[in-house]
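Source file: work28.cif (mmCIF, C-alpha atoms)
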```cif
data_start
loop_
_atom_site.label_atom_id
_atom_site.label_comp_id
_atom_site.auth_asym_id
_atom_site.auth_seq_id
_atom_site.Cartn_x
_atom_site.Cartn_y
_atom_site.Cartn_z
CA MET A 95 -17.52 -7.86 7.43
CA ILE A 96 -13.71 -8.07 7.71
CA GLU A 97 -12.14 -9.39 10.87
CA LEU A 98 -8.46 -10.02 11.49
CA MET A 99 -7.83 -11.96 14.68
CA ASN A 100 -4.37 -12.16 16.26
CA VAL A 101 -2.63 -12.01 12.89
CA THR A 102 1.14 -12.50 12.95
CA LYS A 103 3.39 -12.62 9.88
CA THR A 104 7.03 -13.66 10.05
CA PHE A 105 9.52 -13.56 7.16
CA THR A 106 12.74 -15.55 7.23
CA THR A 107 15.67 -14.68 4.97
CA GLY A 108 18.71 -16.84 5.53
CA LYS A 109 19.39 -16.70 9.26
CA LYS A 110 17.44 -13.48 9.74
CA THR A 111 13.81 -13.48 10.94
CA VAL A 112 11.60 -10.41 10.67
CA GLU A 113 8.25 -10.17 12.43
CA ALA A 114 6.30 -7.91 10.05
CA LEU A 115 3.00 -8.23 11.95
CA LYS A 116 2.66 -8.85 15.68
CA ASP A 117 -0.68 -10.16 16.93
CA VAL A 118 -2.82 -7.65 14.98
CA SER A 119 -6.60 -7.69 15.48
CA LEU A 120 -9.15 -5.38 13.89
CA ARG A 121 -12.74 -5.39 12.69
CA ILE A 122 -14.09 -3.46 9.71
CA LYS A 123 -17.83 -2.93 9.51
CA LYS A 124 -19.83 -3.49 6.33
CA GLY A 125 -20.09 -0.33 4.24
CA GLU A 126 -17.45 1.74 6.03
CA ILE A 127 -14.14 3.14 4.86
CA TYR A 128 -11.39 2.01 7.22
CA GLY A 129 -7.85 3.30 6.89
CA VAL A 130 -4.55 2.15 8.36
CA ILE A 131 -1.78 4.73 8.55
CA GLY A 132 1.89 4.24 9.35
CA PHE A 133 5.36 5.22 8.27
CA SER A 134 7.42 3.09 5.88
CA GLY A 135 8.18 -0.32 7.37
CA ALA A 136 5.29 -0.23 9.84
CA GLY A 137 3.70 -3.37 8.35
CA LYS A 138 0.80 -1.76 6.45
CA SER A 139 1.32 -3.50 3.11
CA THR A 140 1.82 -6.87 4.76
CA LEU A 141 -1.40 -6.34 6.70
CA ILE A 142 -3.55 -5.55 3.67
CA ARG A 143 -1.99 -8.40 1.65
CA CYS A 144 -2.86 -10.78 4.47
CA THR A 145 -6.49 -9.66 4.16
CA ASN A 146 -6.91 -11.45 0.82
CA LEU A 147 -4.14 -13.97 1.52
CA LEU A 148 -1.70 -12.64 -1.07
CA GLU A 149 0.45 -13.12 2.01
CA ARG A 150 -0.57 -16.02 4.22
CA PRO A 151 -0.39 -15.17 7.94
CA THR A 152 2.03 -17.17 10.03
CA GLU A 153 -0.59 -17.21 12.76
CA GLY A 154 -4.12 -15.88 13.23
CA GLU A 155 -7.43 -15.82 11.38
CA VAL A 156 -8.74 -13.72 8.47
CA LEU A 157 -12.54 -13.67 8.26
CA ILE A 158 -14.64 -12.21 5.45
CA ASP A 159 -18.36 -12.37 6.28
CA GLY A 160 -17.54 -14.94 8.94
CA VAL A 161 -15.55 -17.23 6.61
CA ASP A 162 -11.95 -17.83 7.70
CA LEU A 163 -9.87 -17.64 4.51
CA THR A 164 -6.90 -19.34 6.16
CA LYS A 165 -8.92 -22.56 6.52
CA LEU A 166 -10.04 -22.81 2.87
CA LYS A 167 -8.75 -25.07 0.12
CA LYS A 168 -7.49 -23.52 -3.11
CA GLY A 169 -10.82 -23.68 -4.99
CA GLN A 170 -12.80 -22.35 -2.05
CA LEU A 171 -10.30 -19.54 -1.53
CA ARG A 172 -10.53 -18.53 -5.19
CA LYS A 173 -14.30 -18.25 -4.84
CA GLU A 174 -14.10 -16.14 -1.68
CA ARG A 175 -11.44 -13.90 -3.24
CA SER A 176 -13.93 -12.96 -5.96
CA LYS A 177 -15.64 -10.87 -3.27
CA ILE A 178 -12.44 -8.85 -2.77
CA GLY A 179 -11.15 -6.28 -5.27
CA MET A 180 -7.74 -4.62 -4.96
CA ILE A 181 -6.02 -1.52 -6.32
CA PHE A 182 -2.29 -0.84 -6.11
CA GLN A 183 0.11 2.08 -5.99
CA HIS A 184 1.57 1.40 -9.44
CA PHE A 185 -1.69 0.43 -11.22
CA ASN A 186 -0.47 -3.01 -12.51
CA LEU A 187 -1.95 -2.47 -15.98
CA LEU A 188 -0.94 -4.49 -19.06
CA SER A 189 0.87 -2.05 -21.35
CA THR A 190 0.04 -4.06 -24.48
CA ALA A 191 -3.70 -4.15 -23.74
CA THR A 192 -6.27 -1.40 -24.24
CA VAL A 193 -8.24 0.10 -21.38
CA TYR A 194 -11.17 -2.13 -22.31
CA GLU A 195 -8.96 -5.23 -22.38
CA ASN A 196 -7.36 -4.40 -19.02
CA VAL A 197 -10.76 -4.17 -17.35
CA ALA A 198 -12.13 -7.23 -19.16
CA ARG A 199 -9.17 -9.56 -18.59
CA PRO A 200 -10.00 -10.71 -15.01
CA LEU A 201 -13.60 -11.32 -16.10
CA LYS A 202 -12.45 -13.50 -18.98
CA LEU A 203 -10.24 -15.49 -16.62
CA SER A 204 -13.27 -15.97 -14.37
CA LYS A 205 -15.25 -17.24 -17.40
CA VAL A 206 -17.90 -14.51 -17.19
CA PRO A 207 -20.17 -14.67 -20.30
CA LYS A 208 -19.03 -12.40 -23.15
CA HIS A 209 -22.16 -10.24 -23.23
CA GLU A 210 -21.91 -9.68 -19.48
CA ILE A 211 -18.24 -8.76 -19.76
CA ASN A 212 -19.12 -6.03 -22.26
CA GLU A 213 -21.90 -4.70 -20.02
CA ARG A 214 -19.69 -4.62 -16.95
CA VAL A 215 -16.71 -3.00 -18.66
CA GLU A 216 -18.87 -0.22 -20.11
CA LYS A 217 -20.71 0.26 -16.79
CA TYR A 218 -17.61 0.63 -14.64
CA LEU A 219 -15.61 2.68 -17.13
CA LYS A 220 -18.54 5.09 -17.07
CA ILE A 221 -18.52 5.17 -13.27
CA VAL A 222 -14.82 6.12 -13.23
CA GLY A 223 -15.30 8.63 -16.07
CA LEU A 224 -13.30 6.85 -18.78
CA GLU A 225 -15.98 5.53 -21.12
CA GLU A 226 -14.37 7.46 -24.01
CA LYS A 227 -10.91 5.98 -23.35
CA GLN A 228 -11.74 2.27 -23.68
CA HIS A 229 -9.78 1.79 -26.92
CA VAL A 230 -6.58 3.61 -25.91
CA TYR A 231 -3.48 2.10 -24.29
CA PRO A 232 -2.10 2.85 -20.78
CA ALA A 233 0.86 4.78 -22.23
CA GLN A 234 -1.62 7.37 -23.53
CA LEU A 235 -3.12 7.97 -20.10
CA SER A 236 -2.15 10.18 -17.18
CA GLY A 237 -1.35 8.67 -13.77
CA GLY A 238 -4.80 9.51 -12.48
CA GLN A 239 -6.47 7.95 -15.51
CA LYS A 240 -4.39 4.77 -15.08
CA GLN A 241 -5.56 4.51 -11.48
CA ARG A 242 -9.16 4.97 -12.62
CA VAL A 243 -8.70 2.05 -15.00
CA ALA A 244 -7.35 -0.02 -12.11
CA ILE A 245 -10.38 0.94 -10.01
CA ALA A 246 -12.76 0.03 -12.87
CA ARG A 247 -10.97 -3.32 -13.25
CA ALA A 248 -11.46 -4.06 -9.54
CA LEU A 249 -15.10 -2.92 -9.56
CA ALA A 250 -15.95 -4.93 -12.67
CA GLN A 251 -15.62 -8.09 -10.60
CA GLU A 252 -18.42 -6.62 -8.45
CA PRO A 253 -16.69 -7.23 -5.11
CA GLU A 254 -18.11 -6.59 -1.67
CA VAL A 255 -14.74 -5.33 -0.40
CA LEU A 256 -12.19 -3.05 -2.07
CA LEU A 257 -8.60 -3.06 -0.79
CA SER A 258 -6.41 -0.06 -1.58
CA ASP A 259 -2.64 -0.40 -1.20
CA GLU A 260 -1.25 3.17 -1.21
CA ALA A 261 -3.41 3.90 -4.27
CA THR A 262 -2.76 7.67 -4.26
CA SER A 263 0.87 7.90 -3.13
CA ALA A 264 2.23 8.07 -6.70
CA LEU A 265 -0.19 10.85 -7.72
CA ASP A 266 -0.03 14.64 -7.53
CA PRO A 267 -2.30 16.47 -5.02
CA ASN A 268 -5.02 17.42 -7.51
CA THR A 269 -5.20 13.90 -8.96
CA THR A 270 -5.19 12.43 -5.45
CA SER A 271 -8.18 14.61 -4.60
CA SER A 272 -10.13 13.35 -7.63
CA ILE A 273 -9.34 9.70 -6.83
CA LEU A 274 -10.46 10.17 -3.21
CA GLU A 275 -13.73 11.70 -4.42
CA LEU A 276 -14.20 8.68 -6.69
CA LEU A 277 -13.61 6.25 -3.81
CA LEU A 278 -16.13 8.14 -1.68
CA ARG A 279 -18.70 7.88 -4.47
CA VAL A 280 -18.00 4.16 -4.96
CA ASN A 281 -18.49 3.59 -1.24
CA LYS A 282 -21.71 5.61 -1.09
CA GLU A 283 -23.39 4.56 -4.35
CA LEU A 284 -22.27 0.93 -4.58
CA GLY A 285 -22.12 0.21 -0.84
CA ILE A 286 -18.66 -1.33 -1.13
CA THR A 287 -16.59 -1.65 2.04
CA ILE A 288 -13.17 -0.02 1.54
CA PHE A 289 -10.02 -0.97 3.46
CA LEU A 290 -7.05 1.23 2.61
CA ILE A 291 -3.50 1.74 3.79
CA THR A 292 -1.54 4.96 3.43
CA HIS A 293 1.21 7.08 4.93
CA GLU A 294 -0.71 10.26 4.05
CA LEU A 295 -2.73 11.74 6.90
CA ASP A 296 -4.81 13.80 4.46
CA VAL A 297 -6.18 10.61 2.86
CA ILE A 298 -7.38 9.36 6.25
CA GLN A 299 -8.90 12.71 7.18
CA ARG A 300 -10.84 13.16 3.97
CA ILE A 301 -12.54 9.82 3.37
CA CYS A 302 -12.19 7.40 6.30
CA ASP A 303 -14.75 6.64 9.01
CA ARG A 304 -12.29 4.90 11.30
CA VAL A 305 -8.52 4.60 11.44
CA GLY A 306 -5.86 2.28 12.84
CA VAL A 307 -2.25 3.36 13.43
CA MET A 308 0.56 0.89 12.69
CA HIS A 309 4.02 1.03 14.25
CA GLN A 310 6.70 -1.67 14.02
CA GLY A 311 4.18 -4.35 13.07
CA GLU A 312 1.67 -3.51 15.78
CA LEU A 313 -1.72 -1.77 15.71
CA VAL A 314 -0.97 0.81 18.39
CA GLU A 315 -4.13 2.93 18.25
CA GLU A 316 -7.59 2.66 16.70
CA GLY A 317 -10.83 4.64 16.70
CA SER A 318 -13.01 7.08 14.81
CA VAL A 319 -11.04 9.54 12.70
CA ILE A 320 -12.39 12.48 14.70
CA ASP A 321 -11.30 10.94 18.03
CA VAL A 322 -7.87 9.82 16.88
CA PHE A 323 -7.25 13.10 15.08
CA THR A 324 -8.27 15.36 17.98
CA LYS A 325 -7.12 13.23 20.94
CA PRO A 326 -4.17 11.09 19.84
CA GLN A 327 -2.86 8.82 22.60
CA HIS A 328 0.15 6.95 21.20
CA PRO A 329 3.40 8.83 20.44
CA GLN A 330 3.35 7.50 16.86
CA THR A 331 -0.14 8.92 16.31
CA LYS A 332 0.96 12.26 17.72
CA ASP A 333 3.84 12.28 15.24
CA PHE A 334 1.31 12.14 12.38
CA VAL A 335 -1.17 14.60 13.84
CA PHE A 336 1.28 17.24 15.04
CA ASP A 337 3.96 16.92 12.36
CA ASP A 338 3.20 20.36 10.97
CA ALA A 339 5.95 22.92 10.50
CA ASN A 340 3.47 25.77 11.13
CA PHE A 341 3.04 24.60 14.72
CA LYS A 342 6.73 24.38 15.52
CA VAL A 343 7.70 27.48 17.47
CA PRO A 344 11.44 27.93 18.17
CA ASP A 345 12.37 27.30 21.80
CA SER A 346 13.86 30.78 22.14
CA ILE A 347 10.49 32.34 21.23
CA LYS A 348 8.61 29.94 23.51
CA LYS A 349 10.82 30.91 26.41
CA GLY A 350 10.24 34.60 25.86
CA LEU A 351 6.46 34.25 25.47
CA SER A 352 6.15 31.93 28.48
CA ALA A 353 7.57 34.66 30.69
CA THR A 354 4.54 36.87 29.95
CA GLY A 355 1.78 34.25 29.77
CA ARG A 356 1.03 30.74 28.54
CA ILE A 357 1.31 29.08 25.15
CA ILE A 358 -1.65 26.77 24.55
CA SER A 359 -2.95 24.62 21.74
CA LEU A 360 -6.70 24.71 21.04
CA THR A 361 -8.64 22.05 19.14
CA PHE A 362 -12.25 22.67 18.20
CA ILE A 363 -14.73 20.59 16.24
CA GLY A 364 -17.58 21.40 13.87
CA SER A 365 -19.63 24.54 14.45
CA SER A 366 -17.37 25.74 17.26
CA SER A 367 -14.71 26.41 14.60
CA SER A 368 -16.70 29.44 13.43
CA GLU A 369 -17.38 30.92 16.89
CA PRO A 370 -15.43 34.08 17.90
CA PHE A 371 -14.21 32.55 21.17
CA LEU A 372 -10.96 34.56 21.27
CA ALA A 373 -12.89 37.79 21.03
CA ALA A 374 -15.21 36.53 23.78
CA ILE A 375 -12.43 35.81 26.29
CA THR A 376 -10.88 39.22 25.56
CA LYS A 377 -14.14 40.91 26.57
CA LYS A 378 -14.84 38.65 29.57
CA TYR A 379 -11.37 38.48 31.08
CA GLU A 380 -8.26 40.60 31.31
CA VAL A 381 -6.27 38.54 28.84
CA VAL A 382 -4.71 39.24 25.46
CA PRO A 383 -4.60 36.27 23.04
CA SER A 384 -2.11 36.27 20.18
CA ILE A 385 -2.38 33.68 17.39
CA LEU A 386 0.95 31.99 16.62
CA ALA A 387 -0.31 29.41 14.10
CA GLY A 388 -3.53 27.72 13.05
CA GLY A 389 -5.76 26.17 10.44
CA ILE A 390 -8.91 24.15 9.78
CA ASP A 391 -8.95 20.62 8.37
CA GLN A 392 -12.02 19.13 6.71
CA LEU A 393 -12.64 15.53 7.74
CA LYS A 394 -15.14 13.23 6.03
CA ALA A 395 -18.00 14.11 8.39
CA ASN A 396 -16.79 17.21 10.21
CA SER A 397 -14.23 20.00 10.40
CA VAL A 398 -11.46 20.32 12.97
CA GLY A 399 -9.72 23.58 13.76
CA LYS A 400 -6.41 23.98 15.54
CA LEU A 401 -4.87 27.13 16.98
CA LEU A 402 -1.62 27.76 18.76
CA ILE A 403 -1.96 30.90 20.84
CA HIS A 404 -0.08 32.93 23.42
CA LEU A 405 -2.43 33.92 26.25
CA GLN A 406 -1.05 36.94 28.09
CA GLY A 407 -2.45 38.14 31.42
CA ASP A 408 -2.67 37.61 35.15
CA THR A 409 -2.50 33.92 36.13
CA ALA A 410 -6.00 33.90 37.63
CA GLU A 411 -7.51 35.58 34.57
CA VAL A 412 -5.73 33.19 32.21
CA GLU A 413 -7.11 30.23 34.19
CA LYS A 414 -10.63 31.65 33.93
CA ALA A 415 -10.23 32.09 30.17
CA ILE A 416 -9.04 28.50 29.78
CA SER A 417 -11.98 27.23 31.86
CA TYR A 418 -14.35 29.22 29.61
CA LEU A 419 -12.86 27.56 26.51
CA GLU A 420 -13.05 24.07 28.01
CA GLU A 421 -16.70 24.59 28.98
CA ARG A 422 -17.37 25.06 25.26
CA GLU A 423 -15.83 21.66 24.51
CA ILE A 424 -12.63 23.13 23.12
CA THR A 425 -9.64 20.93 23.89
CA VAL A 426 -6.90 22.95 25.57
CA GLU A 427 -3.32 21.69 25.88
CA GLU A 428 -0.39 23.61 27.23
CA VAL A 429 2.73 23.75 25.08
CA ALA A 430 5.89 23.28 27.12
CA SER A 431 8.47 26.06 26.94
#
```

Translate this file's structure into C-alpha cells.
Amino acid sequence: MIELMNVTKTFTTGKKTVEALKDVSLRIKKGEIYGVIGFSGAGKSTLIRCTNLLERPTEGEVLIDGVDLTKLKKGQLRKERSKIGMIFQHFNLLSTATVYENVARPLKLSKVPKHEINERVEKYLKIVGLEEKQHVYPAQLSGGQKQRVAIARALAQEPEVLLSDEATSALDPNTTSSILELLLRVNKELGITIFLITHELDVIQRICDRVGVMHQGELVEEGSVIDVFTKPQHPQTKDFVFDDANFKVPDSIKKGLSATGRIISLTFIGSSSSEPFLAAITKKYEVVPSILAGGIDQLKANSVGKLLIHLQGDTAEVEKAISYLEEREITVEEVAS
C-alpha cells in the first residue's frame, strides 16, 4: 500500500547541510496501523511529510498502491494526493469558519457536488461524534473536539490512507485515549490504512500493528509491536521501552541484593501474565522471590507484563527456577549490579 524506498532528505541553510532522512525504507500493508516513534529531531515529521510529498525527498521513491509520487506531474500528483488524508498536532482549523465549513472546505476546493458535500460532512461529523456541533466555531470547542473536526475533515475526502503527525501530543491523557479509540474505529470500520508518528510509546502500544524506530534520520529497528516491545534490539528502542522510573533501582540497593541472590527482569505475554509463576517456583525450588517493581501494559492485540524481582537462594536452585520460567516462554534478563 505505502512503500518508501531508500528515501533521503537533505536541507541546506546557508552553508549548513542537514541530512534529516538517511536512506529510509519501509512498507506499510493495506489496512494496518503503522507507527513510527522517535525522540525530537529523529526525522519523524520529515518522514511522514515525504509520504504525501509535502516535503519532496532529495533521493528515493514514494509509492502509494504502486504509483511513485516523485515521478508525477503536478496534476497527477494532486489526483493521487486525494487518496491521502492528514491530521496534524495543532488541528489547522480556520478560526473564522464553523465546524461544518471547516470540514466542507477541502471538498469545495475539489469541486465535489454540493449535495454530496452535505452528505459527506454530516456522515463524518457523526462518525467522530460532533454532528451537534456543526454550526459552532473552533474557539467554542475543546482540544479533543478540534482534533475530531480535523479527523472528520480528512475522512470527508474519503482517502485510502490517513497520515497522523503527532495528532495526540497536544492533548491530555483522557482526550488522547478517546482520539486513539476513534482512530481504531476508523481503521476497523472504514478499512483505512493509518500511518502515524509519535514520541509517545503509549500511542504505539495501544493502536499500532507494527512499529518503526527513528534515530538521527535512520530507521534503526522495525517489527510487530509485540516483538519490538518485548525484545528491543537497538539502544534507542531500549530507551523507549525501559525508560520507566519504577524500574530504576538505586545502585546501592542493587549491590546489596546481588550479594544474596540475583536481580532479574521478567517479561510475559498474554495469558501467562495471569499465571502464579512466582508462587510455583517457591514451591518447586528453594528460592524466595521478592518483587521490586512491575506492571502490565495492554497492547492492541495482547497484554505484556513486566516484573523486576530479586531471586534469593542457592545458585543451583536459582538456575533451576530461571530455567522453569524460560520453559514457560517468559523472557528472563539479568539486571547488572

Practice prompt. Name every residue that the PyMOL selection byres ((chain A and resi 194) around 12) selects in this structure, writing the answer as a VMD selection string with chains first and numbers rising.
Written response: chain A and resid 187 to 188 190 to 193 195 to 202 211 to 220 224 to 232 243 to 244 246 to 247 250

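The neighbours of stretch 151-156 of chain A here are the residues that come within 9 Å of it, using only C-alpha atoms and leaving out any residue fewer than 2 positions away in the same chain; they are Ile96, Glu97, Leu98, Met99, Asn100, Val101, Thr102, Lys103, Thr104, Phe105, Leu115, Asp117, Val118, Ser119, Leu141, Cys144, Thr145, Asn146, Leu147, Glu149, Ile158, Gly160, Val161, Asp162, Leu163, Thr164 and Lys165 of chain A.
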
Worksheet item: Interatomic distance between atom CA of A:Val305 and atom CA of A:Arg172?
Response: 28.6 Å

Worksheet item: For A:Met308, which residue among A:Lys138, A:His404, A:Lys116, A:His209 is the nearest when counting all atoms listed in the file?
Response: A:Lys138

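For the choices A:Ile385, A:Leu277, A:Met95, A:Ile286, the atom-to-atom distance to A:Leu351 is smallest for A:Ile385 when using all atoms listed in the file.
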
Discussion item. Evaluated on this file, the PyMOL selection byres ((chain A and resi 136) around 10) picks out some residues - which ones are they, written as a PyMOL selection string?
Written reply: chain A and resi 114-115+131-135+137-141+293+307-313

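Atom pair atom CA of A:Lys167 / atom CA of A:Leu203 has a distance of 19.3 Å (rounded to one decimal).
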
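Taking all atoms listed in the file, the non-local environment of A:Ile424 within 12 Å (same-chain residues fewer than 6 positions away omitted) comprises Thr324, Lys325, Ile358, Ser359, Leu360, Thr361, Phe362, Ile363, Gly364, Ser365, Ser366, Ser367, Glu369, Phe371, Leu372, Val398, Gly399, Lys400, Leu401, Ala415, Ile416, Ser417 and Tyr418 of chain A.
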
Discussion item. For the PyMOL selection byres ((chain A and resi 260) around 12), applied here, can you spell out every residue it catches as number ranges by chain?
Written reply: A: 129-134, 138-139, 142-143, 180-185, 241, 257-259, 261-265, 270, 273-274, 289-295, 297-298

Worksheet item: Which protein, DNA or RNA residues have an atom at most 12 Å from (-13.5, 11.0, 8.8), counting only C-alpha atoms? List them as number ranges by chain.
Response: A: 126-129, 278, 295-305, 317-324, 391-398

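If you look at atom CA of A:Leu419 and atom CA of A:Val381, they are 13.0 Å away from each other.
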
Practice prompt. Fewer than 3 positions away in the same chain doesn't count, so skip those; otherwise give me all residues within 8 Å of A:Thr287, counting only C-alpha atoms, as a ChimeraX atom specification.
Written response: /A:123-127,254-256,281

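Among the candidates A:Glu421, A:Glu275, A:Glu316, A:Asp345, the residue lying nearest to A:His328 is A:Glu316 (atoms considered: all atoms listed in the file).
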
Fill in: Counting only C-alpha atoms, the option among A:Ser204, A:Gln330, A:Ser272, A:Gln406 closest to A:Thr354
A:Gln406

If you keep N, CA, C and O atoms, can you output stretch 214-229 of chain A as a compact mmCIF listing (two decimals), in the first residue's frame?
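The resulting part_3.txt:
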```
# COMPACT_ATOMS: atom_id res chain seq x y z
N ARG A 214 -21.52 14.12 2.92
CA ARG A 214 -20.24 13.68 3.50
C ARG A 214 -19.98 14.37 4.84
O ARG A 214 -19.52 13.74 5.80
N VAL A 215 -20.20 15.67 4.88
CA VAL A 215 -19.95 16.41 6.13
C VAL A 215 -20.78 15.83 7.26
O VAL A 215 -20.27 15.58 8.36
N GLU A 216 -22.07 15.61 7.02
CA GLU A 216 -22.94 15.07 8.06
C GLU A 216 -22.52 13.65 8.45
O GLU A 216 -22.52 13.30 9.63
N LYS A 217 -22.14 12.85 7.45
CA LYS A 217 -21.72 11.47 7.71
C LYS A 217 -20.49 11.41 8.62
O LYS A 217 -20.48 10.68 9.62
N TYR A 218 -19.48 12.20 8.29
CA TYR A 218 -18.22 12.08 9.02
C TYR A 218 -18.23 12.84 10.34
O TYR A 218 -17.51 12.47 11.28
N LEU A 219 -19.04 13.88 10.44
CA LEU A 219 -19.21 14.52 11.75
C LEU A 219 -19.93 13.56 12.70
O LEU A 219 -19.64 13.54 13.91
N LYS A 220 -20.82 12.76 12.17
CA LYS A 220 -21.49 11.76 13.00
C LYS A 220 -20.51 10.68 13.45
O LYS A 220 -20.52 10.25 14.61
N ILE A 221 -19.64 10.26 12.55
CA ILE A 221 -18.64 9.23 12.89
C ILE A 221 -17.73 9.70 14.03
O ILE A 221 -17.40 8.93 14.93
N VAL A 222 -17.35 10.99 14.01
CA VAL A 222 -16.45 11.49 15.06
C VAL A 222 -17.23 12.02 16.27
O VAL A 222 -16.63 12.51 17.23
N GLY A 223 -18.56 11.93 16.23
CA GLY A 223 -19.37 12.31 17.39
C GLY A 223 -19.60 13.79 17.55
O GLY A 223 -19.83 14.28 18.67
N LEU A 224 -19.60 14.55 16.44
CA LEU A 224 -19.78 16.00 16.54
C LEU A 224 -20.92 16.52 15.67
O LEU A 224 -20.93 17.67 15.26
N GLU A 225 -21.89 15.66 15.38
CA GLU A 225 -22.98 16.08 14.49
C GLU A 225 -23.77 17.27 15.06
O GLU A 225 -24.35 18.05 14.31
N GLU A 226 -23.75 17.44 16.39
CA GLU A 226 -24.49 18.54 17.00
C GLU A 226 -23.66 19.83 17.10
O GLU A 226 -24.16 20.85 17.56
N LYS A 227 -22.40 19.77 16.67
CA LYS A 227 -21.52 20.93 16.78
C LYS A 227 -21.24 21.59 15.42
O LYS A 227 -20.37 22.46 15.33
N GLN A 228 -21.96 21.21 14.36
CA GLN A 228 -21.58 21.65 13.03
C GLN A 228 -21.69 23.16 12.81
O GLN A 228 -21.02 23.71 11.94
N HIS A 229 -22.48 23.85 13.63
CA HIS A 229 -22.66 25.29 13.41
C HIS A 229 -21.88 26.15 14.41
O HIS A 229 -22.03 27.38 14.41
```
